[in-house]
file final-v6.csv (CSV, C-alpha atoms and all ligand atoms)
chain,number,residue,atom,x,y,z
A,899,ALA,CA,217.3,50.6,-84.0
A,900,LYS,CA,217.3,47.4,-85.9
A,901,VAL,CA,213.7,46.5,-86.9
A,902,TYR,CA,212.1,43.5,-88.6
A,903,LYS,CA,209.4,44.7,-91.0
A,904,PHE,CA,206.6,42.5,-92.3
A,905,GLU,CA,207.3,42.5,-96.0
A,906,LYS,CA,205.3,39.7,-97.5
A,907,GLN,CA,202.3,37.7,-96.3
A,908,PHE,CA,203.2,34.3,-95.1
A,909,GLN,CA,202.2,31.4,-97.3
A,910,GLY,CA,202.4,28.1,-95.4
A,911,VAL,CA,205.7,27.9,-93.5
A,912,PRO,CA,207.1,31.5,-93.1
A,913,LYS,CA,210.1,32.3,-95.2
A,914,GLU,CA,213.0,34.5,-94.1
A,915,THR,CA,212.3,36.8,-97.1
A,916,ASP,CA,208.8,37.5,-95.8
A,917,LEU,CA,210.5,39.8,-93.3
A,918,LYS,CA,213.1,42.5,-93.8
A,919,LEU,CA,215.7,43.6,-91.3
A,920,VAL,CA,216.2,47.4,-91.5
A,921,GLU,CA,217.9,50.2,-89.6
A,922,GLU,CA,215.7,52.9,-88.2
A,923,GLU,CA,216.8,56.3,-86.8
A,924,LEU,CA,215.0,57.1,-83.5
A,925,PRO,CA,213.9,60.6,-82.5
A,926,PRO,CA,215.1,62.2,-79.2
A,927,ILE,CA,212.6,61.4,-76.4
A,928,LYS,CA,209.9,64.0,-75.4
A,929,ASP,CA,208.2,64.6,-72.1
A,930,GLY,CA,206.3,61.5,-71.0
A,931,GLU,CA,208.5,59.2,-73.1
A,932,PHE,CA,211.4,56.8,-72.5
A,933,LEU,CA,213.9,55.0,-74.7
A,934,CYS,CA,214.5,51.3,-74.1
A,935,GLU,CA,216.7,48.5,-75.4
A,936,ALA,CA,215.5,44.9,-75.9
A,937,VAL,CA,217.0,42.3,-73.6
A,938,PHE,CA,214.8,39.3,-74.3
A,939,LEU,CA,212.3,39.0,-77.1
A,940,SER,CA,209.5,36.5,-77.3
A,941,VAL,CA,208.6,34.3,-80.3
A,942,ASP,CA,205.1,33.0,-80.1
A,943,PRO,CA,202.6,31.0,-82.3
A,944,TYR,CA,200.2,34.0,-82.3
A,945,MET,CA,202.6,35.9,-84.5
A,946,ARG,CA,201.9,33.3,-87.2
A,947,ALA,CA,198.2,33.2,-86.5
A,948,TYR,CA,197.7,37.0,-86.6
A,949,ALA,CA,199.9,37.6,-89.6
A,950,PRO,CA,196.9,37.6,-92.1
A,951,ARG,CA,195.7,40.7,-90.2
A,952,LEU,CA,199.0,42.6,-90.4
A,953,SER,CA,199.5,45.3,-93.0
A,954,LEU,CA,202.7,45.0,-95.0
A,955,GLY,CA,205.5,47.3,-94.0
A,956,THR,CA,204.6,47.3,-90.3
A,957,THR,CA,207.0,46.2,-87.6
A,958,MET,CA,206.6,42.5,-86.9
A,959,ILE,CA,204.5,42.1,-83.7
A,960,GLY,CA,205.8,40.7,-80.4
A,961,LEU,CA,206.4,41.2,-76.7
A,962,GLN,CA,209.9,41.9,-75.2
A,963,VAL,CA,211.6,42.7,-71.9
A,964,ALA,CA,213.6,45.9,-72.4
A,965,LYS,CA,216.0,48.0,-70.3
A,966,ILE,CA,215.1,51.6,-69.9
A,967,LEU,CA,218.1,53.7,-71.1
A,968,GLU,CA,216.6,57.3,-71.0
A,969,SER,CA,213.4,58.5,-69.5
A,970,LYS,CA,211.2,61.6,-69.2
A,971,ASN,CA,208.4,59.5,-67.6
A,972,PRO,CA,208.5,58.9,-63.8
A,973,LYS,CA,206.6,55.7,-64.2
A,974,PHE,CA,209.5,54.2,-66.3
A,975,PRO,CA,212.7,55.0,-64.4
A,976,VAL,CA,216.1,54.5,-66.1
A,977,GLY,CA,217.7,51.1,-65.2
A,978,LYS,CA,214.3,49.4,-64.7
A,979,HIS,CA,213.0,46.8,-67.1
A,980,VAL,CA,209.7,47.2,-69.0
A,981,VAL,CA,207.5,44.5,-70.7
A,982,GLY,CA,206.0,45.9,-73.8
A,983,ASP,CA,204.6,44.9,-77.2
A,984,PHE,CA,207.2,46.9,-79.0
A,985,GLY,CA,207.6,44.2,-81.8
A,986,TRP,CA,210.7,42.8,-83.3
A,987,ARG,CA,213.1,45.7,-82.7
A,988,THR,CA,216.2,46.4,-80.6
A,989,HIS,CA,215.4,50.0,-79.5
A,990,THR,CA,212.1,51.7,-78.9
A,991,VAL,CA,210.8,55.2,-77.9
A,992,SER,CA,207.5,54.8,-76.1
A,993,ASN,CA,205.2,56.7,-73.8
A,994,GLY,CA,204.1,53.5,-72.0
A,995,VAL,CA,200.7,53.3,-73.7
A,996,THR,CA,200.0,50.7,-76.3
A,997,LYS,CA,197.4,50.2,-79.0
A,998,GLY,CA,197.2,46.6,-77.7
A,999,GLN,CA,195.3,45.5,-74.6
A,1000,ILE,CA,197.9,45.8,-71.9
A,1001,ASP,CA,199.9,49.0,-71.3
A,1002,HIS,CA,203.6,48.5,-71.1
A,1003,TYR,CA,204.6,47.9,-67.5
A,1004,VAL,CA,207.7,47.8,-65.4
A,1005,PHE,CA,208.7,44.2,-64.7
A,1006,SER,CA,209.7,43.7,-61.1
A,1007,ASP,CA,212.5,41.2,-61.4
A,1008,PHE,CA,211.1,39.2,-58.5
A,1009,GLY,CA,214.4,38.7,-56.6
A,1010,LYS,CA,216.5,36.2,-58.4
A,1011,LEU,CA,214.0,35.0,-61.1
A,1012,PRO,CA,215.3,35.6,-64.6
A,1013,LEU,CA,214.1,38.7,-66.5
A,1014,SER,CA,213.1,36.5,-69.5
A,1015,TYR,CA,210.2,35.2,-67.3
A,1016,GLY,CA,208.5,38.6,-68.1
A,1017,VAL,CA,207.6,37.2,-71.6
A,1018,GLY,CA,207.0,33.7,-70.2
A,1019,ILE,CA,205.8,32.2,-67.0
A,1020,LEU,CA,205.5,35.6,-65.4
A,1021,GLY,CA,203.9,37.3,-68.4
A,1022,MET,CA,201.4,36.6,-71.2
A,1023,PRO,CA,201.9,32.8,-71.5
A,1024,GLY,CA,201.8,32.3,-67.8
A,1025,ASN,CA,198.5,34.3,-67.6
A,1026,THR,CA,197.1,32.4,-70.5
A,1027,ALA,CA,197.6,29.1,-68.6
A,1028,TYR,CA,196.4,30.5,-65.3
A,1029,PHE,CA,193.2,32.2,-66.4
A,1030,GLY,CA,192.4,30.2,-69.5
A,1031,PHE,CA,192.6,26.9,-67.6
A,1032,LEU,CA,191.2,27.8,-64.2
A,1033,GLU,CA,188.4,30.1,-65.4
A,1034,LEU,CA,187.1,28.0,-68.3
A,1035,CYS,CA,187.8,24.4,-67.2
A,1036,GLN,CA,186.9,24.9,-63.5
A,1037,PRO,CA,188.9,21.8,-62.6
A,1038,LYS,CA,188.0,19.8,-59.5
A,1039,ALA,CA,190.4,17.6,-57.5
A,1040,GLY,CA,190.4,14.0,-58.8
A,1041,GLU,CA,189.3,14.9,-62.3
A,1042,THR,CA,191.3,13.9,-65.4
A,1043,VAL,CA,192.8,16.8,-67.4
A,1044,VAL,CA,194.3,16.5,-70.9
A,1045,VAL,CA,196.6,19.2,-72.2
A,1046,SER,CA,197.8,19.4,-75.9
A,1047,GLY,CA,200.9,21.3,-76.8
A,1048,ALA,CA,201.9,20.1,-73.3
A,1049,ALA,CA,205.6,20.8,-73.4
A,1050,GLY,CA,205.3,24.3,-74.7
A,1051,ALA,CA,205.2,27.7,-72.9
A,1052,VAL,CA,201.5,27.6,-72.0
A,1053,GLY,CA,200.8,23.9,-71.9
A,1054,SER,CA,203.6,23.0,-69.5
A,1055,ILE,CA,202.2,25.5,-67.0
A,1056,VAL,CA,198.6,24.4,-67.5
A,1057,GLY,CA,199.5,20.8,-66.6
A,1058,GLN,CA,201.4,21.9,-63.5
A,1059,ILE,CA,198.5,24.1,-62.3
A,1060,ALA,CA,196.2,21.1,-62.8
A,1061,LYS,CA,198.5,19.0,-60.6
A,1062,ILE,CA,198.4,21.8,-58.0
A,1063,LYS,CA,194.6,21.5,-58.1
A,1064,GLY,CA,194.8,17.8,-57.4
A,1065,CYS,CA,193.9,16.5,-60.9
A,1066,LYS,CA,195.3,13.6,-62.9
A,1067,VAL,CA,197.2,15.1,-65.8
A,1068,ILE,CA,197.9,13.7,-69.3
A,1069,GLY,CA,200.1,15.7,-71.6
A,1070,ILE,CA,200.3,15.4,-75.4
A,1071,ALA,CA,203.4,16.6,-77.3
A,1072,GLY,CA,205.7,15.7,-80.2
A,1073,SER,CA,208.7,13.9,-78.8
A,1074,ASP,CA,209.6,11.4,-76.1
A,1075,GLU,CA,212.3,13.7,-74.7
A,1076,LYS,CA,209.5,16.3,-74.0
A,1077,GLY,CA,207.5,13.5,-72.5
A,1078,LYS,CA,210.3,12.6,-70.2
A,1079,TRP,CA,210.5,16.2,-69.0
A,1080,LEU,CA,206.7,16.3,-68.4
A,1081,THR,CA,206.5,13.1,-66.4
A,1082,GLU,CA,209.9,13.1,-64.6
A,1083,GLU,CA,210.3,16.8,-63.8
A,1084,LEU,CA,206.8,18.3,-63.9
A,1085,ASN,CA,204.9,15.4,-62.4
A,1086,PHE,CA,202.5,14.8,-65.2
A,1087,ASP,CA,200.9,11.4,-64.7
A,1088,HIS,CA,201.1,10.3,-68.4
A,1089,PHE,CA,202.4,11.5,-71.7
A,1090,ILE,CA,201.3,10.7,-75.2
A,1091,ASN,CA,203.6,11.3,-78.2
A,1092,TYR,CA,201.1,12.3,-80.9
A,1093,LYS,CA,203.7,11.5,-83.6
A,1094,THR,CA,204.2,7.9,-82.7
A,1095,GLN,CA,201.0,6.9,-80.7
A,1096,ASN,CA,197.3,7.0,-81.5
A,1097,VAL,CA,195.9,9.6,-79.1
A,1098,PHE,CA,192.4,8.1,-78.9
A,1099,LYS,CA,193.6,4.5,-78.2
A,1100,THR,CA,196.2,5.6,-75.7
A,1101,LEU,CA,193.7,7.8,-73.9
A,1102,LYS,CA,191.6,4.7,-73.4
A,1103,GLN,CA,194.5,3.1,-71.6
A,1104,VAL,CA,195.8,6.0,-69.5
A,1105,ALA,CA,192.4,7.6,-68.8
A,1106,PRO,CA,190.1,4.6,-68.4
A,1107,LYS,CA,187.6,6.8,-66.6
A,1108,GLY,CA,187.5,9.3,-69.4
A,1109,VAL,CA,188.5,13.0,-69.7
A,1110,ASP,CA,186.9,15.8,-67.7
A,1111,CYS,CA,188.8,18.8,-68.8
A,1112,TYR,CA,190.7,19.5,-72.1
A,1113,PHE,CA,193.0,22.5,-72.6
A,1114,ASP,CA,193.4,22.7,-76.3
A,1115,ASN,CA,196.5,24.4,-77.8
A,1116,VAL,CA,196.6,22.6,-81.1
A,1117,GLY,CA,193.2,21.8,-82.7
A,1118,GLY,CA,192.9,19.4,-85.6
A,1119,GLU,CA,193.0,15.6,-85.4
A,1120,ILE,CA,194.5,15.5,-81.9
A,1121,SER,CA,191.7,17.5,-80.5
A,1122,SER,CA,189.0,15.5,-82.3
A,1123,MET,CA,190.4,12.4,-80.6
A,1124,VAL,CA,190.4,14.0,-77.2
A,1125,LEU,CA,186.9,15.4,-77.6
A,1126,ASN,CA,185.7,11.9,-78.4
A,1127,SER,CA,187.2,10.7,-75.1
A,1128,MET,CA,185.4,13.3,-72.9
A,1129,ASN,CA,183.1,12.5,-70.0
A,1130,LEU,CA,179.6,13.8,-69.4
A,1131,TYR,CA,179.7,17.6,-68.6
A,1132,GLY,CA,183.3,17.9,-69.7
A,1133,ARG,CA,184.9,21.3,-70.2
A,1134,ILE,CA,187.1,22.3,-73.0
A,1135,SER,CA,189.2,25.5,-73.0
A,1136,VAL,CA,190.1,26.4,-76.6
A,1137,CYS,CA,193.4,28.3,-76.4
A,1138,GLY,CA,194.8,27.9,-79.9
A,1139,ALA,CA,195.2,25.8,-83.0
A,1140,VAL,CA,198.9,25.6,-83.7
A,1141,SER,CA,198.5,22.5,-85.8
A,1142,GLY,CA,196.7,24.6,-88.4
A,1143,TYR,CA,198.7,27.9,-88.5
A,1144,ASN,CA,200.9,26.9,-91.4
A,1145,ASP,CA,198.3,24.9,-93.1
A,1146,THR,CA,197.1,26.5,-96.4
A,1147,SER,CA,194.6,23.7,-97.3
A,1148,VAL,CA,190.8,24.1,-96.9
A,1149,PRO,CA,189.9,23.2,-93.3
A,1150,LYS,CA,188.8,19.6,-93.0
A,1151,ALA,CA,185.5,18.8,-91.6
A,1152,SER,CA,185.8,17.8,-87.9
A,1153,ILE,CA,182.5,16.8,-86.3
A,1154,VAL,CA,182.5,18.2,-82.8
A,1155,GLN,CA,178.6,18.1,-82.5
A,1156,TYR,CA,178.6,14.4,-81.7
A,1157,PRO,CA,180.6,14.5,-78.5
A,1158,MET,CA,179.3,18.0,-77.7
A,1159,THR,CA,175.7,16.8,-77.7
A,1160,PHE,CA,175.9,13.4,-76.2
A,1161,GLN,CA,178.4,14.2,-73.5
A,1162,GLN,CA,176.8,17.7,-73.0
A,1163,LEU,CA,180.2,19.4,-73.2
A,1164,LYS,CA,181.0,23.0,-72.7
A,1165,MET,CA,183.6,24.4,-75.1
A,1166,GLU,CA,184.8,28.0,-74.9
A,1167,GLY,CA,187.5,29.9,-76.7
A,1168,PHE,CA,189.3,32.9,-75.1
A,1169,MET,CA,191.8,35.6,-75.6
A,1170,VAL,CA,194.0,36.1,-72.5
A,1171,TYR,CA,193.4,39.8,-72.5
A,1172,ARG,CA,189.9,39.1,-71.3
A,1173,TRP,CA,191.5,39.2,-67.9
A,1174,SER,CA,193.6,42.3,-68.4
A,1175,ASP,CA,192.1,43.9,-65.3
A,1176,ARG,CA,193.4,40.9,-63.2
A,1177,TRP,CA,196.8,40.7,-64.9
A,1178,SER,CA,198.9,41.1,-61.8
A,1179,GLU,CA,196.9,38.4,-60.0
A,1180,GLY,CA,198.0,35.7,-62.5
A,1181,ILE,CA,201.7,36.9,-62.3
A,1182,GLU,CA,201.7,37.0,-58.5
A,1183,GLN,CA,200.1,33.5,-58.1
A,1184,ASN,CA,202.5,31.9,-60.6
A,1185,ARG,CA,205.5,33.6,-58.9
A,1186,LYS,CA,204.3,32.2,-55.6
A,1187,TRP,CA,204.0,28.7,-57.0
A,1188,ILE,CA,207.5,29.0,-58.4
A,1189,GLU,CA,208.9,30.0,-55.1
A,1190,GLU,CA,207.1,27.2,-53.4
A,1191,GLY,CA,208.6,24.8,-55.9
A,1192,LYS,CA,205.2,23.8,-57.3
A,1193,LEU,CA,205.7,25.4,-60.7
A,1194,LYS,CA,208.8,24.8,-62.9
A,1195,THR,CA,209.7,26.2,-66.3
A,1196,GLN,CA,212.3,25.7,-69.0
A,1197,GLU,CA,213.3,28.0,-71.7
A,1198,THR,CA,214.8,27.4,-75.2
A,1199,VAL,CA,217.0,30.4,-75.7
A,1200,THR,CA,218.3,31.6,-79.1
A,1201,VAL,CA,221.1,34.1,-78.9
A,1202,GLY,CA,221.2,37.1,-81.2
A,1203,PHE,CA,218.6,39.5,-82.5
A,1204,GLU,CA,219.5,38.5,-86.1
A,1205,ASN,CA,218.3,35.0,-85.2
A,1206,MET,CA,214.7,36.1,-84.5
A,1207,PHE,CA,213.3,34.5,-87.6
A,1208,LYS,CA,215.2,31.2,-86.9
A,1209,ALA,CA,213.9,31.1,-83.3
A,1210,PHE,CA,210.3,31.8,-84.6
A,1211,THR,CA,210.2,29.0,-87.2
A,1212,GLU,CA,212.0,26.5,-85.0
A,1213,MET,CA,209.4,27.2,-82.3
A,1214,LEU,CA,206.6,26.5,-84.8
A,1215,ASP,CA,208.4,23.3,-85.8
A,1216,GLY,CA,208.5,22.1,-82.2
A,1217,LYS,CA,212.2,22.6,-81.5
A,1218,ASN,CA,211.4,24.4,-78.2
A,1219,THR,CA,210.8,22.8,-74.8
A,1220,GLY,CA,209.0,25.4,-72.6
A,1221,LYS,CA,209.2,29.0,-73.6
A,1222,ALA,CA,211.0,30.0,-76.7
A,1223,VAL,CA,212.9,33.3,-76.3
A,1224,VAL,CA,215.6,35.3,-78.0
A,1225,LYS,CA,218.4,36.9,-76.0
A,1226,VAL,CA,219.8,39.9,-77.7
B,1301,LIG,P1,204.6,26.6,-77.6
B,1301,LIG,O1,205.7,26.9,-76.7
B,1301,LIG,O2,203.6,25.5,-77.2
B,1301,LIG,O3,205.2,26.3,-79.0
B,1301,LIG,C1,204.5,25.8,-80.1
B,1301,LIG,C2,204.4,24.3,-80.1
B,1301,LIG,O4,203.4,23.8,-80.9
B,1301,LIG,C3,205.7,23.6,-80.6
B,1301,LIG,O5,206.7,23.5,-79.6
B,1301,LIG,C4,205.2,22.2,-81.0
B,1301,LIG,O6,205.4,21.2,-80.0
B,1301,LIG,C5,203.7,22.4,-81.2
B,1301,LIG,N1,203.2,22.1,-82.6
B,1301,LIG,C6,203.7,22.6,-83.7
B,1301,LIG,N2,203.0,22.0,-84.8
B,1301,LIG,C7,202.1,21.2,-84.2
B,1301,LIG,C8,201.2,20.3,-84.8
B,1301,LIG,N3,201.0,20.2,-86.1
B,1301,LIG,N4,200.4,19.6,-84.0
B,1301,LIG,C9,200.6,19.6,-82.6
B,1301,LIG,N5,201.5,20.5,-82.0
B,1301,LIG,C10,202.2,21.2,-82.8
B,1301,LIG,O7,203.7,27.9,-77.8
B,1301,LIG,P2,202.8,28.6,-76.8
B,1301,LIG,O8,202.7,27.9,-75.5
B,1301,LIG,O9,203.2,30.1,-76.8
B,1301,LIG,O10,201.3,28.6,-77.4
B,1301,LIG,C11,200.5,27.4,-77.4
B,1301,LIG,C12,199.2,27.7,-78.0
B,1301,LIG,O11,198.5,28.7,-77.2
B,1301,LIG,C13,199.2,28.2,-79.4
B,1301,LIG,O12,198.1,27.7,-80.1
B,1301,LIG,C14,199.0,29.7,-79.2
B,1301,LIG,O13,198.4,30.3,-80.4
B,1301,LIG,C15,198.0,29.7,-78.1
B,1301,LIG,N6,197.9,31.0,-77.3
B,1301,LIG,C16,196.7,31.5,-77.1
B,1301,LIG,C17,196.5,32.7,-76.4
B,1301,LIG,C18,195.2,33.2,-76.2
B,1301,LIG,O14,195.0,34.3,-75.6
B,1301,LIG,N7,194.1,32.4,-76.6
B,1301,LIG,C19,197.7,33.3,-75.8
B,1301,LIG,C20,198.9,32.6,-75.9
B,1301,LIG,C21,199.1,31.5,-76.7
B,1301,LIG,P3,205.4,19.6,-80.3
B,1301,LIG,O15,206.8,19.2,-80.3
B,1301,LIG,O16,204.5,19.1,-79.2
B,1301,LIG,O17,204.8,19.4,-81.7

call {"tool": "encode", "arguments": {"input": "final-v6.csv", "output": "structure tokens", "more": "lines below"}}
Ligand code: NDP
result
Amino acid sequence: AKVYKFEKQFQGVPKETDLKLVEEELPPIKDGEFLCEAVFLSVDPYMRAYAPRLSLGTTMIGLQVAKILESKNPKFPVGKHVVGDFGWRTHTVSNGVTKGQIDHYVFSDFGKLPLSYGVGILGMPGNTAYFGFLELCQPKAGETVVVSGAAGAVGSIVGQIAKIKGCKVIGIAGSDEKGKWLTEELNFDHFINYKTQNVFKTLKQVAPKGVDCYFDNVGGEISSMVLNSMNLYGRISVCGAVSGYNDTSVPKASIVQYPMTFQQLKMEGFMVYRWSDRWSEGIEQNRKWIEEGKLKTQETVTVGFENMFKAFTEMLDGKNTGKAVVKV
């Protein structure tokens, strides 16, 4: 197997030398185990965010869709595909149980839908959008919803679910091309380019009645401006803080108490695995919406396992639209 090991703690923007690509000999499989080969690997912002907790020398973390090549476990038959947090590696021997929160599971290919969806819209990012938005924001028809990181894997799904629920949706992302996709293809009502527009001032124009729900993927200045545009009893689902993951400076003071108090807001963070007992519900609902034409996705595919690092840093840099994946 080819494996990426975590060699050196990231300082600011990750460097290729922080990881090391090595060859590993795999043992023959025992009863209860299977051998699988990566087909699609995911690159996600959490890999950067969790890095300070990783010990050096371990396999770089991540989910993948892999094909089962050999099996001595009836739950994982040869030829089927499995979704697992095997990390950045081409081949894995597993017994299907993980140290993480979701056991490895066979990914039903859902008819003609691409296998890569197992690490995207029909996997962890899809469920992050489904549960993180619906459970914490409790959106009602007619409300105004703002999503940051809107053209990414999670954000693009959140905005579409908000449209399905009858909300007015405003997406914030980093390029006009992404904005075009959001408004023209995904039906978002408005788009704000945080690199060229002032988020606070633009929200006053596109959301004159204020913001009821905010799904926060980025944190930082963008989020402060949205928070100060919220309505009474607004709800904020805190999903991530990608604007700060590569930032090594001391966190800047950001006063959330003012809007939190005066608008009586409810702000809650979450980890998607809170809903691990309802995992298949999110996948099934998102699949249904795809089939009904209500949910669309896009993928930015990098080809070649040896390009994992490139795909990872390009995603952090905003080169992806929709889900960033690597095809082996
Ligand atoms: P994305 O597909 O959204 O990719 C990351 C995006 O972040 C880039 O495309 C880029 O888009 C944006 N970005 C990068 N730097 C900045 C910045 N300085 N300011 C604003 N935006 C920036 O990733 P995901 O959809 O996989 O993840 C989105 C968020 O959700 C992350 O914060 C992640 O950690 C979090 N997450 C949380 C989970 C949970 O359980 N809580 C589970 C899964 C994800 P742009 O061009 O717009 O800048």

call {"tool": "residues_near_ligand", "arguments": {"input": "final-v6.csv", "ligand": "ligand LIG 1301 (chain B)", "cutoff": "8 Å", "atoms": "only C-alpha atoms and all ligand atoms", "output": "JSON, numbers by chain"}}
result
{"A": [941, 942, 943, 944, 947, 1022, 1023, 1026, 1030, 1046, 1047, 1048, 1049, 1050, 1051, 1052, 1053, 1054, 1070, 1071, 1072, 1073, 1076, 1091, 1092, 1114, 1115, 1116, 1117, 1118, 1120, 1136, 1137, 1138, 1139, 1140, 1141, 1142, 1167, 1168, 1169, 1170, 1171, 1213, 1214, 1215, 1216, 1217, 1218, 1219, 1220, 1221, 1222]}

call {"tool": "residues_around", "arguments": {"input": "final-v6.csv", "residues": "range 906-923 of chain A", "least_positions_apart": "3", "cutoff": "9 Å", "atoms": "all atoms listed in the file", "output": "PyMOL selection string"}}
result
chain A and resi 899-903+946+949-950+952-955+958+1143-1146+1204+1207-1208+1211+1214

call {"tool": "residues_around", "arguments": {"input": "final-v6.csv", "residues": "range 974-980 of chain A", "least_positions_apart": "4", "cutoff": "6 Å", "atoms": "only C-alpha atoms", "output": "PDB file with C-alpha atoms, in the coordinates of the input"}}
result
ATOM      1  CA  VAL A 963     211.600  42.700 -71.900  1.00  0.00           C
ATOM      2  CA  ALA A 964     213.600  45.900 -72.400  1.00  0.00           C
ATOM      3  CA  LYS A 965     216.000  48.000 -70.300  1.00  0.00           C
ATOM      4  CA  ILE A 966     215.100  51.600 -69.900  1.00  0.00           C
ATOM      5  CA  LEU A 967     218.100  53.700 -71.100  1.00  0.00           C
ATOM      6  CA  GLU A 968     216.600  57.300 -71.000  1.00  0.00           C
ATOM      7  CA  SER A 969     213.400  58.500 -69.500  1.00  0.00           C
ATOM      8  CA  TYR A1003     204.600  47.900 -67.500  1.00  0.00           C
ATOM      9  CA  VAL A1004     207.700  47.800 -65.400  1.00  0.00           C
ATOM     10  CA  PHE A1005     208.700  44.200 -64.700  1.00  0.00           C
TER      11      PHE A1005
END

call {"tool": "closest_residue", "arguments": {"input": "final-v6.csv", "among": "A:Glu1166, A:Glu1041, A:Glu1119, A:Glu935", "to": "Gly985 in chain A", "atoms": "only C-alpha atoms"}}
result
A:Glu935

call {"tool": "closest_residue", "arguments": {"input": "final-v6.csv", "among": "A:Thr1195, A:Thr996, A:Ser1135, A:Asn1096", "to": "Glu1083 in chain A", "atoms": "only C-alpha atoms"}}
result
A:Thr1195

call {"tool": "atom_distance", "arguments": {"input": "final-v6.csv", "atom1": "CA of Glu1189 in chain A", "atom2": "CA of Thr1081 in chain A"}}
result
20.5 Å

call {"tool": "closest_residue", "arguments": {"input": "final-v6.csv", "among": "A:Ala1060, A:Ile1055, A:Val1045, A:Ile1090", "to": "Ile1188 in chain A", "atoms": "only C-alpha atoms"}}
result
A:Ile1055

call {"tool": "atom_distance", "arguments": {"input": "final-v6.csv", "atom1": "CA of Arg1176 in chain A", "atom2": "CA of Ile1000 in chain A"}}
result
11.0 Å

call {"tool": "residues_around", "arguments": {"input": "final-v6.csv", "residues": "Gly982 in chain A", "least_positions_apart": "3", "cutoff": "6 Å", "atoms": "all atoms listed in the file", "output": "ChimeraX atom specification"}}
result
/A:961-962,1002

call {"tool": "decode", "arguments": {"input": "final-v6.csv", "residues": "range 1177-1188 of chain A", "atoms": "C-alpha atoms", "output": "PDB file, in the first residue's frame"}}
result
ATOM      1  CA  TRP A1177     -26.790   8.398   9.602  1.00  0.00           C
ATOM      2  CA  SER A1178     -28.806   6.585   6.938  1.00  0.00           C
ATOM      3  CA  GLU A1179     -31.763   8.986   7.329  1.00  0.00           C
ATOM      4  CA  GLY A1180     -29.643  11.911   6.063  1.00  0.00           C
ATOM      5  CA  ILE A1181     -28.205   9.873   3.196  1.00  0.00           C
ATOM      6  CA  GLU A1182     -31.622   8.577   2.125  1.00  0.00           C
ATOM      7  CA  GLN A1183     -33.249  12.015   2.237  1.00  0.00           C
ATOM      8  CA  ASN A1184     -30.446  13.653   0.255  1.00  0.00           C
ATOM      9  CA  ARG A1185     -30.605  10.825  -2.297  1.00  0.00           C
ATOM     10  CA  LYS A1186     -34.348  11.338  -2.658  1.00  0.00           C
ATOM     11  CA  TRP A1187     -33.894  15.053  -3.214  1.00  0.00           C
ATOM     12  CA  ILE A1188     -31.216  14.359  -5.853  1.00  0.00           C
TER      13      ILE A1188
END
